[in-house]
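Following: one structure in structure tokens, then a few remarks.
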Amino acid sequence: MDSPKNKRREFLRAAGLAGIAVPGLALATPGVPSTPPEAATKGHAMFYDVRALGAVGDGKTIDTPAINRAIDIASAAGGGTVFFSPGEYLCYSIHLKSKVALYLDQGATIVAADPAADVSKSYDLAESNKPWEDYQDYGHNHWHNSLIWGESLNDVSILGPGLIWGKGLSRGWGAGPKAENPGVANKAIALKNCRNVIFRDFSILHGGHFGILATGVDNFTIDNLKIDTNRDGMDIDCCRNVRVSNCSVNSPWDDGICLKSSYALGYARATEMVTITNCMLSGNYQEGATLDGSWKKFPAEEKVPRTGRIKFGTESNGGFKNITVCNCVFDGCRGLAIESVDGAVIEDVACSNITMRDVYEAPIFVRLGARMRGPSGVTVGSIRRLILSGITCMQAEGSPKIACILAGIPEHPIEDVKISDVILVNRGGGTSADAQLQVPEKEKQYPEPNMFGTTPAYGFFVRHARGLEMQSVKIESSNADARPAVVLEDVEDATFGRMKIPRRPAFALKSVKDFSVFRSKPVPDTEVAATEKMEI
């Protein structure tokens, strides 16, 4: 028969807490103090039960003082785990500290309280981020006005199968408390300049402007989270060595997993060495419907942006480098977006094994622009060395008539993009008049796939690009479409092989050099040294 000590070890191993054991402590039991406060200061504790330190967990009492006290005691003892047994812990700002983990047990919920009339008893005030505040939106400039936050920390974890419910958080715009008002919080979790951070197994409901905002966080693991929220799921900004895996994000009103490289730290720092794998992104379901298992979709007549995607940008000062996105599912949302508009260099990015159903607007959107929101004197960025492979996509009926888009700006082409093993089903419906449309440059405009309106192609619209290779790509339309499948404008060195396109004209070329297509249906093998205008 296993001893109580062995059972405890098995529990810790299953909970992901193995290796932090300290002699002489029993596991916390709901309602039973596991560690007297006086013992906690002597370094003998393994768990610091928030109930033992005064938390009630009845959903009515503000439990923040007890929770922050537990974190302080654990920190003073050299580290440990602050334990939340089942209950609803109504809170204002919780302060994370180094070498302290929060463990949310099954049935434990941290609830963001409504802002208090007395600002001194409400959420922490937003700190100043001057003189950098003009270079990114309000939410990216502040971290302290959050439900849970930490700054300049190391070795921090939030673990367990419990829930963080941002009930009283501002979403930054629309109805509800305004994020700029003192005593209002707009993020479920915010971190700045931290390292060695683990988020695992918990869920976030109604996370405000950001479910998670991480700025300047290195060695960051986000695993098996479920986020069902009213704006961004998670924003990973100026971070290095990040692993996002096995997460589900339903975020109809904004982005699901968003990589950024803003100027919020006061200097341009790249987001790099990032993997995003085995994740589900959606904008198709009503808030909470993925967490409660109802999977209830929005009524057809309700206007929802259904954003929900993986995106690089728009804040893009520092760049994105050495990044992989693989084995992900998109459902009822916008597609993959890779954007540099503030001077960022985006390079060495591979996106593979992605399925998309009911995609709104462009399934693939790669944009190099010149918004240039940042310090003066910065030059236009670049996008180069992208590999997009193993992608299947079906556009939603009723979505705009927009193709996949790769668009640079004059004198600044997107370079060295390889697209292979793709099946694209566009919703179709384009007319002969649509095929003649002249797409505006809009190089300083906020980047979104709908910025150009209807595209003159139904498969791919490519402009200002060099070194494009497309192999084993099948393009279809679910409704009749009079547009060409692929339109190239100001493109140099473009190679297409083993393409499958339902009819001709398959390609429309404008100001194109060094074009070739081979072993493709229904077009013959063709090489073009240069042309101002032709169709194939």
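Letters A, B, ... mark the chains of the structure tokens in the order given; residue numbers begin at 1 per chain; ligand numbers begin at 1, in order shown.
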Legend entry - DSSP strand (DSSP E or B) residues within region 75-296 of chain A, listed as number ranges by chain: A: 80-84, 87-91, 94-95, 100-104, 108-112, 148-151, 154-159, 163-165, 187-200, 203-205, 208, 210-223, 226-228, 232-237, 240-245, 248-250, 257-261, 271-277, 280-282, 285
Legend entry - DSSP-assigned alpha helix (DSSP H) among region 38-281 of chain A, expressed as a ChimeraX atom specification: /A:38-40,64-76
Store the residues picked out above, limited to N, CA and C atoms, as a compact mmCIF listing (two decimals), in the first residue's frame.
# COMPACT_ATOMS: atom_id res chain seq x y z
N GLU A 38 2.50 31.31 11.06
CA GLU A 38 3.80 31.44 11.71
C GLU A 38 4.80 30.43 11.18
N ALA A 39 4.31 29.24 10.74
CA ALA A 39 5.21 28.24 10.18
C ALA A 39 5.66 28.64 8.79
N ALA A 40 4.77 29.35 8.07
CA ALA A 40 5.08 29.72 6.70
C ALA A 40 6.32 30.59 6.62
N THR A 64 -8.54 39.88 -2.04
CA THR A 64 -7.21 40.30 -2.48
C THR A 64 -6.21 40.43 -1.33
N PRO A 65 -6.55 41.06 -0.18
CA PRO A 65 -5.54 41.19 0.88
C PRO A 65 -4.99 39.85 1.34
N ALA A 66 -5.85 38.86 1.51
CA ALA A 66 -5.38 37.54 1.96
C ALA A 66 -4.50 36.88 0.91
N ILE A 67 -4.87 37.01 -0.34
CA ILE A 67 -4.10 36.38 -1.41
C ILE A 67 -2.73 37.04 -1.54
N ASN A 68 -2.69 38.35 -1.52
CA ASN A 68 -1.39 39.03 -1.61
C ASN A 68 -0.53 38.74 -0.37
N ARG A 69 -1.18 38.56 0.77
CA ARG A 69 -0.42 38.20 1.97
C ARG A 69 0.20 36.81 1.80
N ALA A 70 -0.55 35.88 1.25
CA ALA A 70 -0.01 34.55 1.02
C ALA A 70 1.18 34.58 0.07
N ILE A 71 1.06 35.40 -0.98
CA ILE A 71 2.17 35.53 -1.93
C ILE A 71 3.39 36.14 -1.24
N ASP A 72 3.17 37.16 -0.41
CA ASP A 72 4.28 37.80 0.30
C ASP A 72 4.98 36.81 1.22
N ILE A 73 4.21 36.00 1.94
CA ILE A 73 4.79 35.04 2.87
C ILE A 73 5.59 33.98 2.11
N ALA A 74 5.04 33.49 1.01
CA ALA A 74 5.76 32.51 0.21
C ALA A 74 7.06 33.08 -0.32
N SER A 75 6.99 34.33 -0.79
CA SER A 75 8.19 34.97 -1.31
C SER A 75 9.25 35.15 -0.23
N ALA A 76 8.81 35.57 0.97
CA ALA A 76 9.75 35.79 2.07
C ALA A 76 10.42 34.49 2.50
Inset, instruction - Find the distance between CA of Asp201 (chain A) and CA of Asn241 (chain A) and write it in Å to one decimal. - result: 19.7 Å
Inset, instruction - Identify which of the residues A:Ala214, A:Met451, A:Met394, A:Leu125 lies closest to Val439 (chain A), counting only C-alpha atoms when measuring atom-to-atom distances. - result: A:Met451
Pull the closest atom pair for each residue of region 165-272 of chain A that gets at most 12 Å from region 350-372 of chain A, along with the distance in Å to one decimal, counting only C-alpha atoms, ordering rows by chain and then ascending residue number, as a Markdown table.
| residue | atom | partner | partner_atom | distance |
| --- | --- | --- | --- | --- |
| A:Pro252 | CA | A:Tyr360 | CA | 11.4 |
| A:Ser262 | CA | A:Met372 | CA | 11.4 |
| A:Tyr263 | CA | A:Met372 | CA | 11.5 |
Legend entry - Within 8 Å of region 474-477 of chain A using only C-alpha atoms, minus same-chain residues under 3 positions, as a ChimeraX atom specification: /A:422-428,458-459,480-481,485,499-502
Legend entry - Close residues, region 53-63 of chain A itself excluded, 6 Å, only C-alpha atoms, min 4 positions apart in chain, as a ChimeraX atom specification: /A:87-91
